[in-house]
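For reference, entry-v3.cif is printed below; it contains mmCIF, N, CA and C atoms.
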```cif
data_upload
#
loop_
_atom_site.label_atom_id
_atom_site.label_comp_id
_atom_site.auth_asym_id
_atom_site.auth_seq_id
_atom_site.Cartn_x
_atom_site.Cartn_y
_atom_site.Cartn_z
N MET A 1 -10.33 -5.82 95.00
CA MET A 1 -10.76 -7.16 95.30
C MET A 1 -10.30 -8.14 94.24
N LYS A 2 -10.31 -7.72 92.96
CA LYS A 2 -9.90 -8.60 91.87
C LYS A 2 -8.43 -8.99 92.02
N LYS A 3 -7.60 -8.06 92.49
CA LYS A 3 -6.19 -8.34 92.67
C LYS A 3 -5.98 -9.41 93.74
N LEU A 4 -6.78 -9.39 94.78
CA LEU A 4 -6.66 -10.39 95.84
C LEU A 4 -7.01 -11.79 95.34
N ILE A 5 -7.92 -11.89 94.41
CA ILE A 5 -8.30 -13.19 93.84
C ILE A 5 -7.24 -13.67 92.86
N LEU A 6 -6.67 -12.77 92.09
CA LEU A 6 -5.69 -13.15 91.08
C LEU A 6 -4.36 -13.61 91.68
N ILE A 7 -3.98 -13.08 92.82
CA ILE A 7 -2.71 -13.45 93.43
C ILE A 7 -2.66 -14.94 93.78
N PRO A 8 -3.66 -15.50 94.50
CA PRO A 8 -3.61 -16.94 94.79
C PRO A 8 -3.66 -17.80 93.54
N ILE A 9 -4.42 -17.37 92.53
CA ILE A 9 -4.48 -18.14 91.28
C ILE A 9 -3.11 -18.14 90.61
N PHE A 10 -2.46 -16.99 90.56
CA PHE A 10 -1.12 -16.90 89.97
C PHE A 10 -0.14 -17.80 90.72
N LEU A 11 -0.19 -17.77 92.05
CA LEU A 11 0.71 -18.60 92.85
C LEU A 11 0.46 -20.09 92.61
N LEU A 12 -0.79 -20.48 92.50
CA LEU A 12 -1.12 -21.87 92.23
C LEU A 12 -0.57 -22.32 90.88
N VAL A 13 -0.75 -21.51 89.86
CA VAL A 13 -0.22 -21.82 88.53
C VAL A 13 1.29 -21.93 88.58
N LEU A 14 1.94 -21.04 89.29
CA LEU A 14 3.40 -21.05 89.41
C LEU A 14 3.89 -22.32 90.09
N VAL A 15 3.24 -22.73 91.17
CA VAL A 15 3.64 -23.93 91.91
C VAL A 15 3.44 -25.17 91.06
N VAL A 16 2.28 -25.30 90.42
CA VAL A 16 1.99 -26.48 89.60
C VAL A 16 2.95 -26.57 88.44
N SER A 17 3.25 -25.49 87.79
CA SER A 17 4.12 -25.53 86.62
C SER A 17 5.58 -25.78 86.99
N SER A 18 5.94 -25.57 88.25
CA SER A 18 7.33 -25.78 88.64
C SER A 18 7.56 -27.10 89.35
N CYS A 19 6.51 -27.92 89.46
CA CYS A 19 6.66 -29.22 90.14
C CYS A 19 7.61 -30.11 89.37
N ASP A 20 8.39 -30.88 90.10
CA ASP A 20 9.30 -31.85 89.50
C ASP A 20 8.52 -33.10 89.17
N THR A 21 8.45 -33.45 87.89
CA THR A 21 7.70 -34.62 87.47
C THR A 21 8.61 -35.82 87.20
N SER A 22 9.88 -35.71 87.53
CA SER A 22 10.78 -36.85 87.32
C SER A 22 10.50 -37.91 88.37
N GLY A 23 10.81 -39.13 88.05
CA GLY A 23 10.56 -40.23 88.97
C GLY A 23 10.91 -41.53 88.30
N SER A 24 10.42 -42.63 88.88
CA SER A 24 10.77 -43.93 88.34
C SER A 24 9.95 -44.30 87.13
N SER A 25 8.88 -43.59 86.85
CA SER A 25 8.06 -43.89 85.69
C SER A 25 8.58 -43.14 84.48
N TRP A 26 8.52 -43.79 83.34
CA TRP A 26 8.90 -43.13 82.11
C TRP A 26 7.69 -42.41 81.57
N SER A 27 7.84 -41.19 81.21
CA SER A 27 6.71 -40.48 80.62
C SER A 27 7.05 -40.16 79.18
N THR A 28 6.60 -41.01 78.32
CA THR A 28 6.83 -40.84 76.90
C THR A 28 5.61 -41.33 76.16
N SER A 29 5.27 -40.69 75.08
CA SER A 29 4.15 -41.17 74.30
C SER A 29 4.64 -42.03 73.13
N ASP A 30 5.87 -42.51 73.20
CA ASP A 30 6.41 -43.40 72.19
C ASP A 30 6.05 -44.84 72.57
N PRO A 31 5.16 -45.48 71.81
CA PRO A 31 4.75 -46.84 72.14
C PRO A 31 5.91 -47.85 72.20
N ALA A 32 6.96 -47.63 71.42
CA ALA A 32 8.06 -48.59 71.33
C ALA A 32 8.71 -48.86 72.69
N THR A 33 8.81 -47.84 73.52
CA THR A 33 9.44 -48.01 74.83
C THR A 33 8.63 -48.96 75.71
N LEU A 34 7.32 -48.77 75.76
CA LEU A 34 6.47 -49.65 76.55
C LEU A 34 6.38 -51.03 75.93
N ILE A 35 6.32 -51.12 74.62
CA ILE A 35 6.31 -52.43 73.94
C ILE A 35 7.55 -53.22 74.30
N ASN A 36 8.71 -52.59 74.24
CA ASN A 36 9.96 -53.28 74.59
C ASN A 36 9.97 -53.69 76.06
N THR A 37 9.41 -52.89 76.93
CA THR A 37 9.32 -53.24 78.35
C THR A 37 8.44 -54.46 78.54
N ALA A 38 7.26 -54.46 77.92
CA ALA A 38 6.31 -55.57 78.09
C ALA A 38 6.85 -56.89 77.54
N LYS A 39 7.62 -56.82 76.47
CA LYS A 39 8.17 -58.04 75.84
C LYS A 39 9.21 -58.73 76.71
N GLN A 40 9.76 -58.05 77.68
CA GLN A 40 10.83 -58.59 78.51
C GLN A 40 10.27 -59.50 79.60
N GLY A 41 10.42 -60.79 79.49
CA GLY A 41 10.06 -61.73 80.55
C GLY A 41 8.58 -61.98 80.69
N THR A 42 8.21 -62.47 81.87
CA THR A 42 6.80 -62.76 82.16
C THR A 42 6.29 -61.80 83.22
N TRP A 43 4.98 -61.63 83.23
CA TRP A 43 4.33 -60.66 84.10
C TRP A 43 3.17 -61.35 84.82
N ARG A 44 2.81 -60.82 85.96
CA ARG A 44 1.64 -61.30 86.70
C ARG A 44 0.77 -60.09 87.05
N ILE A 45 -0.49 -60.35 87.30
CA ILE A 45 -1.38 -59.28 87.74
C ILE A 45 -1.23 -59.15 89.25
N SER A 46 -0.71 -58.03 89.68
CA SER A 46 -0.52 -57.79 91.11
C SER A 46 -1.67 -56.98 91.71
N ASN A 47 -2.51 -56.40 90.83
CA ASN A 47 -3.70 -55.69 91.31
C ASN A 47 -4.68 -55.60 90.16
N TYR A 48 -5.90 -56.07 90.42
CA TYR A 48 -6.99 -55.86 89.47
C TYR A 48 -8.21 -55.47 90.27
N ASN A 49 -8.62 -54.23 90.11
CA ASN A 49 -9.77 -53.69 90.80
C ASN A 49 -10.82 -53.37 89.75
N HIS A 50 -11.93 -54.11 89.78
CA HIS A 50 -12.99 -53.97 88.78
C HIS A 50 -14.22 -53.34 89.43
N SER A 51 -14.52 -52.12 89.06
CA SER A 51 -15.67 -51.38 89.59
C SER A 51 -15.70 -51.36 91.11
N GLY A 52 -14.53 -51.14 91.71
CA GLY A 52 -14.43 -51.03 93.16
C GLY A 52 -14.27 -52.35 93.89
N ILE A 53 -14.24 -53.45 93.16
CA ILE A 53 -14.08 -54.77 93.78
C ILE A 53 -12.72 -55.33 93.42
N ASN A 54 -11.95 -55.73 94.43
CA ASN A 54 -10.63 -56.31 94.21
C ASN A 54 -10.80 -57.74 93.70
N GLU A 55 -10.41 -57.98 92.45
CA GLU A 55 -10.52 -59.29 91.84
C GLU A 55 -9.15 -59.86 91.49
N THR A 56 -8.12 -59.39 92.16
CA THR A 56 -6.75 -59.83 91.89
C THR A 56 -6.61 -61.33 92.02
N SER A 57 -7.24 -61.92 93.02
CA SER A 57 -7.08 -63.36 93.29
C SER A 57 -7.57 -64.23 92.13
N THR A 58 -8.43 -63.71 91.27
CA THR A 58 -8.90 -64.46 90.10
C THR A 58 -7.74 -64.85 89.19
N PHE A 59 -6.67 -64.04 89.21
CA PHE A 59 -5.55 -64.24 88.29
C PHE A 59 -4.29 -64.76 88.99
N THR A 60 -4.41 -65.16 90.25
CA THR A 60 -3.27 -65.68 91.00
C THR A 60 -2.72 -66.92 90.32
N GLY A 61 -1.41 -66.95 90.14
CA GLY A 61 -0.75 -68.11 89.54
C GLY A 61 -0.61 -68.04 88.03
N TYR A 62 -1.23 -67.05 87.40
CA TYR A 62 -1.14 -66.91 85.94
C TYR A 62 0.02 -66.00 85.57
N ASN A 63 0.77 -66.41 84.57
CA ASN A 63 1.87 -65.61 84.03
C ASN A 63 1.50 -65.15 82.62
N PHE A 64 1.72 -63.87 82.35
CA PHE A 64 1.41 -63.26 81.07
C PHE A 64 2.70 -63.01 80.31
N THR A 65 2.69 -63.32 79.02
CA THR A 65 3.81 -62.96 78.15
C THR A 65 3.26 -62.13 76.99
N PHE A 66 4.04 -61.13 76.62
CA PHE A 66 3.67 -60.19 75.57
C PHE A 66 4.72 -60.25 74.46
N PRO A 67 4.65 -61.27 73.60
CA PRO A 67 5.67 -61.39 72.56
C PRO A 67 5.48 -60.38 71.43
N VAL A 68 6.46 -60.33 70.56
CA VAL A 68 6.47 -59.39 69.45
C VAL A 68 5.25 -59.56 68.55
N SER A 69 4.77 -60.76 68.40
CA SER A 69 3.69 -61.05 67.46
C SER A 69 2.33 -60.50 67.87
N ASN A 70 2.25 -59.85 69.01
CA ASN A 70 1.01 -59.28 69.56
C ASN A 70 0.00 -60.33 69.98
N VAL A 71 0.44 -61.59 70.08
CA VAL A 71 -0.41 -62.64 70.62
C VAL A 71 -0.05 -62.78 72.09
N LEU A 72 -1.00 -62.43 72.94
CA LEU A 72 -0.81 -62.48 74.39
C LEU A 72 -1.04 -63.90 74.86
N SER A 73 -0.13 -64.41 75.66
CA SER A 73 -0.25 -65.77 76.18
C SER A 73 -0.30 -65.73 77.70
N VAL A 74 -1.24 -66.51 78.27
CA VAL A 74 -1.41 -66.57 79.71
C VAL A 74 -1.46 -68.04 80.11
N THR A 75 -0.67 -68.39 81.13
CA THR A 75 -0.69 -69.77 81.59
C THR A 75 -0.47 -69.84 83.09
N ASN A 76 -1.04 -70.88 83.68
CA ASN A 76 -0.77 -71.17 85.09
C ASN A 76 -0.12 -72.54 85.23
N GLY A 77 0.39 -73.09 84.11
CA GLY A 77 1.01 -74.40 84.10
C GLY A 77 0.04 -75.50 83.72
N THR A 78 -1.25 -75.28 83.95
CA THR A 78 -2.29 -76.24 83.59
C THR A 78 -3.15 -75.69 82.46
N ASN A 79 -3.63 -74.49 82.64
CA ASN A 79 -4.48 -73.83 81.64
C ASN A 79 -3.68 -72.77 80.89
N THR A 80 -3.92 -72.70 79.58
CA THR A 80 -3.27 -71.69 78.76
C THR A 80 -4.34 -71.00 77.91
N TYR A 81 -4.28 -69.67 77.89
CA TYR A 81 -5.23 -68.87 77.11
C TYR A 81 -4.45 -67.90 76.24
N SER A 82 -5.05 -67.57 75.10
CA SER A 82 -4.43 -66.62 74.19
C SER A 82 -5.34 -65.44 73.95
N GLY A 83 -4.72 -64.31 73.77
CA GLY A 83 -5.44 -63.10 73.42
C GLY A 83 -4.54 -62.27 72.53
N THR A 84 -4.87 -61.01 72.37
CA THR A 84 -4.01 -60.11 71.61
C THR A 84 -3.69 -58.88 72.47
N TRP A 85 -2.63 -58.21 72.10
CA TRP A 85 -2.23 -57.00 72.81
C TRP A 85 -1.57 -56.05 71.85
N SER A 86 -1.62 -54.78 72.17
CA SER A 86 -0.91 -53.76 71.41
C SER A 86 -0.78 -52.51 72.28
N VAL A 87 0.14 -51.69 71.91
CA VAL A 87 0.31 -50.39 72.56
C VAL A 87 0.26 -49.35 71.46
N ILE A 88 -0.59 -48.35 71.65
CA ILE A 88 -0.72 -47.31 70.64
C ILE A 88 -0.59 -45.94 71.29
N GLU A 89 -0.26 -44.97 70.45
CA GLU A 89 -0.22 -43.59 70.92
C GLU A 89 -1.65 -43.06 70.91
N ASP A 90 -2.04 -42.44 72.02
CA ASP A 90 -3.40 -41.92 72.16
C ASP A 90 -3.34 -40.69 73.06
N VAL A 91 -2.95 -39.58 72.48
CA VAL A 91 -2.79 -38.37 73.26
C VAL A 91 -4.13 -37.66 73.34
N SER A 92 -4.59 -37.46 74.57
CA SER A 92 -5.83 -36.73 74.79
C SER A 92 -5.82 -36.19 76.21
N GLU A 93 -6.76 -35.35 76.52
CA GLU A 93 -6.85 -34.79 77.87
C GLU A 93 -7.12 -35.90 78.89
N ALA A 94 -7.86 -36.92 78.48
CA ALA A 94 -8.19 -38.04 79.37
C ALA A 94 -7.04 -39.03 79.50
N ASN A 95 -5.99 -38.86 78.70
CA ASN A 95 -4.87 -39.79 78.69
C ASN A 95 -3.56 -39.02 78.68
N PRO A 96 -3.14 -38.51 79.83
CA PRO A 96 -1.94 -37.66 79.87
C PRO A 96 -0.65 -38.37 79.49
N SER A 97 -0.58 -39.71 79.64
CA SER A 97 0.64 -40.42 79.26
C SER A 97 0.77 -40.49 77.75
N GLY A 98 -0.36 -40.42 77.06
CA GLY A 98 -0.34 -40.51 75.60
C GLY A 98 -0.29 -41.92 75.07
N LEU A 99 -0.43 -42.92 75.95
CA LEU A 99 -0.35 -44.31 75.52
C LEU A 99 -1.59 -45.08 75.94
N LYS A 100 -1.98 -46.01 75.10
CA LYS A 100 -3.07 -46.91 75.41
C LYS A 100 -2.57 -48.34 75.23
N PHE A 101 -2.85 -49.20 76.21
CA PHE A 101 -2.44 -50.60 76.21
C PHE A 101 -3.71 -51.42 75.95
N ASN A 102 -3.82 -51.96 74.74
CA ASN A 102 -5.02 -52.70 74.35
C ASN A 102 -4.84 -54.19 74.64
N ILE A 103 -5.85 -54.78 75.28
CA ILE A 103 -5.86 -56.21 75.58
C ILE A 103 -7.19 -56.77 75.10
N THR A 104 -7.13 -57.92 74.43
CA THR A 104 -8.36 -58.58 73.98
C THR A 104 -8.28 -60.07 74.24
N PHE A 105 -9.27 -60.59 74.95
CA PHE A 105 -9.47 -62.02 75.16
C PHE A 105 -10.90 -62.33 74.76
N ASP A 106 -11.12 -63.44 74.06
CA ASP A 106 -12.48 -63.88 73.75
C ASP A 106 -13.07 -64.69 74.89
N ASN A 107 -12.24 -65.46 75.57
CA ASN A 107 -12.68 -66.29 76.68
C ASN A 107 -11.46 -66.72 77.49
N PRO A 108 -11.59 -67.27 78.64
CA PRO A 108 -12.79 -67.40 79.45
C PRO A 108 -13.25 -66.04 79.96
N THR A 109 -14.40 -66.02 80.58
CA THR A 109 -15.06 -64.78 81.01
C THR A 109 -14.17 -63.91 81.88
N GLU A 110 -13.45 -64.53 82.85
CA GLU A 110 -12.62 -63.72 83.75
C GLU A 110 -11.49 -63.01 83.00
N PHE A 111 -11.00 -63.60 81.91
CA PHE A 111 -9.97 -62.92 81.12
C PHE A 111 -10.60 -61.94 80.14
N ALA A 112 -11.79 -62.27 79.63
CA ALA A 112 -12.48 -61.37 78.70
C ALA A 112 -12.78 -60.02 79.34
N GLN A 113 -12.97 -59.99 80.67
CA GLN A 113 -13.24 -58.71 81.32
C GLN A 113 -12.02 -57.79 81.32
N LEU A 114 -10.84 -58.32 81.01
CA LEU A 114 -9.63 -57.50 80.87
C LEU A 114 -9.57 -56.83 79.50
N SER A 115 -10.46 -57.23 78.60
CA SER A 115 -10.44 -56.74 77.22
C SER A 115 -10.92 -55.29 77.14
N LYS A 116 -9.98 -54.41 76.88
CA LYS A 116 -10.30 -53.00 76.69
C LYS A 116 -9.03 -52.25 76.32
N GLY A 117 -9.20 -51.01 75.96
CA GLY A 117 -8.07 -50.12 75.73
C GLY A 117 -7.75 -49.41 77.03
N TRP A 118 -6.72 -49.87 77.70
CA TRP A 118 -6.34 -49.33 79.01
C TRP A 118 -5.46 -48.09 78.85
N VAL A 119 -5.75 -47.07 79.61
CA VAL A 119 -4.91 -45.87 79.66
C VAL A 119 -3.67 -46.21 80.49
N VAL A 120 -2.51 -45.91 79.96
CA VAL A 120 -1.26 -46.17 80.68
C VAL A 120 -1.04 -45.02 81.66
N ALA A 121 -1.19 -45.33 82.96
CA ALA A 121 -0.98 -44.31 83.99
C ALA A 121 0.51 -44.12 84.23
N SER A 122 1.25 -45.23 84.31
CA SER A 122 2.70 -45.17 84.47
C SER A 122 3.28 -46.55 84.20
N TYR A 123 4.58 -46.58 83.97
CA TYR A 123 5.27 -47.85 83.81
C TYR A 123 6.76 -47.65 84.00
N ASN A 124 7.41 -48.74 84.35
CA ASN A 124 8.87 -48.78 84.42
C ASN A 124 9.28 -50.21 84.10
N GLY A 125 10.48 -50.61 84.37
CA GLY A 125 10.97 -51.93 84.01
C GLY A 125 10.33 -53.07 84.78
N SER A 126 9.60 -52.78 85.85
CA SER A 126 9.02 -53.85 86.65
C SER A 126 7.52 -53.72 86.90
N THR A 127 6.91 -52.61 86.50
CA THR A 127 5.48 -52.40 86.76
C THR A 127 4.84 -51.65 85.61
N ILE A 128 3.64 -52.12 85.23
CA ILE A 128 2.83 -51.42 84.24
C ILE A 128 1.50 -51.14 84.92
N TYR A 129 1.17 -49.87 85.12
CA TYR A 129 -0.01 -49.45 85.86
C TYR A 129 -1.02 -48.89 84.86
N LEU A 130 -2.18 -49.55 84.76
CA LEU A 130 -3.19 -49.21 83.76
C LEU A 130 -4.52 -48.83 84.40
N LEU A 131 -5.25 -47.94 83.75
CA LEU A 131 -6.58 -47.52 84.19
C LEU A 131 -7.53 -47.61 83.01
N ASP A 132 -8.79 -47.90 83.30
CA ASP A 132 -9.75 -47.82 82.21
C ASP A 132 -10.14 -46.35 82.02
N GLY A 133 -10.78 -46.06 80.92
CA GLY A 133 -11.10 -44.67 80.59
C GLY A 133 -11.98 -43.97 81.61
N SER A 134 -12.84 -44.72 82.30
CA SER A 134 -13.75 -44.11 83.27
C SER A 134 -13.12 -43.96 84.64
N GLY A 135 -12.00 -44.63 84.87
CA GLY A 135 -11.34 -44.57 86.17
C GLY A 135 -11.88 -45.55 87.19
N SER A 136 -12.82 -46.42 86.77
CA SER A 136 -13.41 -47.36 87.72
C SER A 136 -12.62 -48.67 87.82
N ASP A 137 -11.75 -48.96 86.86
CA ASP A 137 -10.95 -50.19 86.88
C ASP A 137 -9.47 -49.87 86.90
N VAL A 138 -8.73 -50.69 87.65
CA VAL A 138 -7.27 -50.57 87.75
C VAL A 138 -6.69 -51.94 87.46
N LEU A 139 -5.64 -51.97 86.62
CA LEU A 139 -4.94 -53.21 86.30
C LEU A 139 -3.46 -52.94 86.41
N VAL A 140 -2.78 -53.72 87.28
CA VAL A 140 -1.34 -53.53 87.46
C VAL A 140 -0.64 -54.84 87.16
N PHE A 141 0.29 -54.80 86.21
CA PHE A 141 1.16 -55.93 85.91
C PHE A 141 2.49 -55.70 86.61
N THR A 142 3.00 -56.75 87.23
CA THR A 142 4.32 -56.71 87.86
C THR A 142 5.16 -57.80 87.23
N LYS A 143 6.40 -57.46 86.91
CA LYS A 143 7.28 -58.42 86.29
C LYS A 143 7.69 -59.50 87.29
N ASN A 144 7.70 -60.75 86.83
CA ASN A 144 8.12 -61.87 87.68
C ASN A 144 9.63 -61.86 87.87
#
```
Represent the supplied structure as C-alpha cells.
Amino acid sequence: MKKLILIPIFLLVLVVSSCDTSGSSWSTSDPATLINTAKQGTWRISNYNHSGINETSTFTGYNFTFPVSNVLSVTNGTNTYSGTWSVIEDVSEANPSGLKFNITFDNPTEFAQLSKGWVVASYNGSTIYLLDGSGSDVLVFTKN
C-alpha cells in the first residue's frame, strides 16, 4: 500500500520540477534590474484591488515616475504628489521573486493606502505586478 501512495507523490514532484518557468517575466532577485525598468518613462495604475474591492478608478489619469533619487512623483496635470520608492532584495518563502517594491506616501489618503512593502509577483518592460504580503491587495503598474 505504501508503494501505491509513493508513486503519485513521486510523479507529482517530477512534473513540478520539470515545468518550464520561462516567460515574459524576469525572475531575478537583483533589485537593479527592476529599478532600471521602473525608472524608464511614466507608469499608470492599471489595476488596484484593495481587500477585494477594485479601486483602480481612484488613480485614473495619474502618471507615476520613479526617478533615480527614490522620490516618487505622481501627477494628473493638475495635482502633484510626492512619495518615496525603493526596491530591495527580500528572499523568503512568502516572496518567491526575492524582491520587494516599497512605496510610501504621507498623503492624500488614497495614495497613502499604497504605502507598503509590495511583493514583486512579476515584471517586464511594460508591467510591474505587485501583491501585498497577505495576498489581499493587488497593484499593477503599466507603462504609458
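The result of the PyMOL selection byres (((chain A and resi 65 and name CA) around 9) and name CA) on the shown file is Ala38, Lys39, Gln40, Gly41, Thr42, Trp43, Arg44, Asn63, Phe64, Phe66, Pro67, Val71, Leu72, Ser73, Val74 and Thr75 of chain A.
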Quiz item: Which one of A:Leu131, A:Val68, A:Ser82, A:Phe105 sits closest to Gly117 in chain A if you count all atoms listed in the file?
Solution: A:Leu131
Quiz item: Of the residues A:Tyr129, A:Lys143, A:Asn49, A:Ile35, which is the one nearest to Ser86 in chain A, using only N, CA and C atoms?
Solution: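 Closest candidate: A:Ile35.
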Self-check item: Among the residues A:Ser97, A:Ser69, A:Thr60, A:Ser92, the one that comes closest to Ser122 in chain A [using only C-alpha atoms]
Solution: A:Ser97
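Between CA of Lys100 in chain A and CA of Glu55 in chain A lies a distance of 21.9 Å.
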Val140 in chain A: which residues within 8 Å, counting only C-alpha atoms, same-chain residues fewer than 6 positions away excluded, as a compact mmCIF listing (two decimals) with N, CA and C atoms, in the frame of the given file?
```txt
# COMPACT_ATOMS: atom_id res chain seq x y z
N ILE A 45 -0.49 -60.35 87.30
CA ILE A 45 -1.38 -59.28 87.74
C ILE A 45 -1.23 -59.15 89.25
N SER A 46 -0.71 -58.03 89.68
CA SER A 46 -0.52 -57.79 91.11
C SER A 46 -1.67 -56.98 91.71
N ASN A 47 -2.51 -56.40 90.83
CA ASN A 47 -3.70 -55.69 91.31
C ASN A 47 -4.68 -55.60 90.16
N TYR A 48 -5.90 -56.07 90.42
CA TYR A 48 -6.99 -55.86 89.47
C TYR A 48 -8.21 -55.47 90.27
N THR A 127 6.91 -52.61 86.50
CA THR A 127 5.48 -52.40 86.76
C THR A 127 4.84 -51.65 85.61
N ILE A 128 3.64 -52.12 85.23
CA ILE A 128 2.83 -51.42 84.24
C ILE A 128 1.50 -51.14 84.92
N TYR A 129 1.17 -49.87 85.12
CA TYR A 129 -0.01 -49.45 85.86
C TYR A 129 -1.02 -48.89 84.86
N LEU A 130 -2.18 -49.55 84.76
CA LEU A 130 -3.19 -49.21 83.76
C LEU A 130 -4.52 -48.83 84.40
```
Practice problem: Quick one: residues within 7 Å of (-12.7, -62.0, 86.4) (file frame), counting only N, CA and C atoms, please, as a list in words. | Solution: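 Applying the cut-off with only N, CA and C atoms, one gets Glu55, Thr58, Phe59, Thr109, Glu110, Phe111, Ala112, Gln113 and Leu114 of chain A.
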Quiz prompt | Among the residues A:Val87, A:Asp137, A:Thr37, A:Gly61, the one that comes closest to Asn124 in chain A [using only N, CA and C atoms] | solution =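 Of all the options, A:Thr37 lies closest to Asn124 in chain A.
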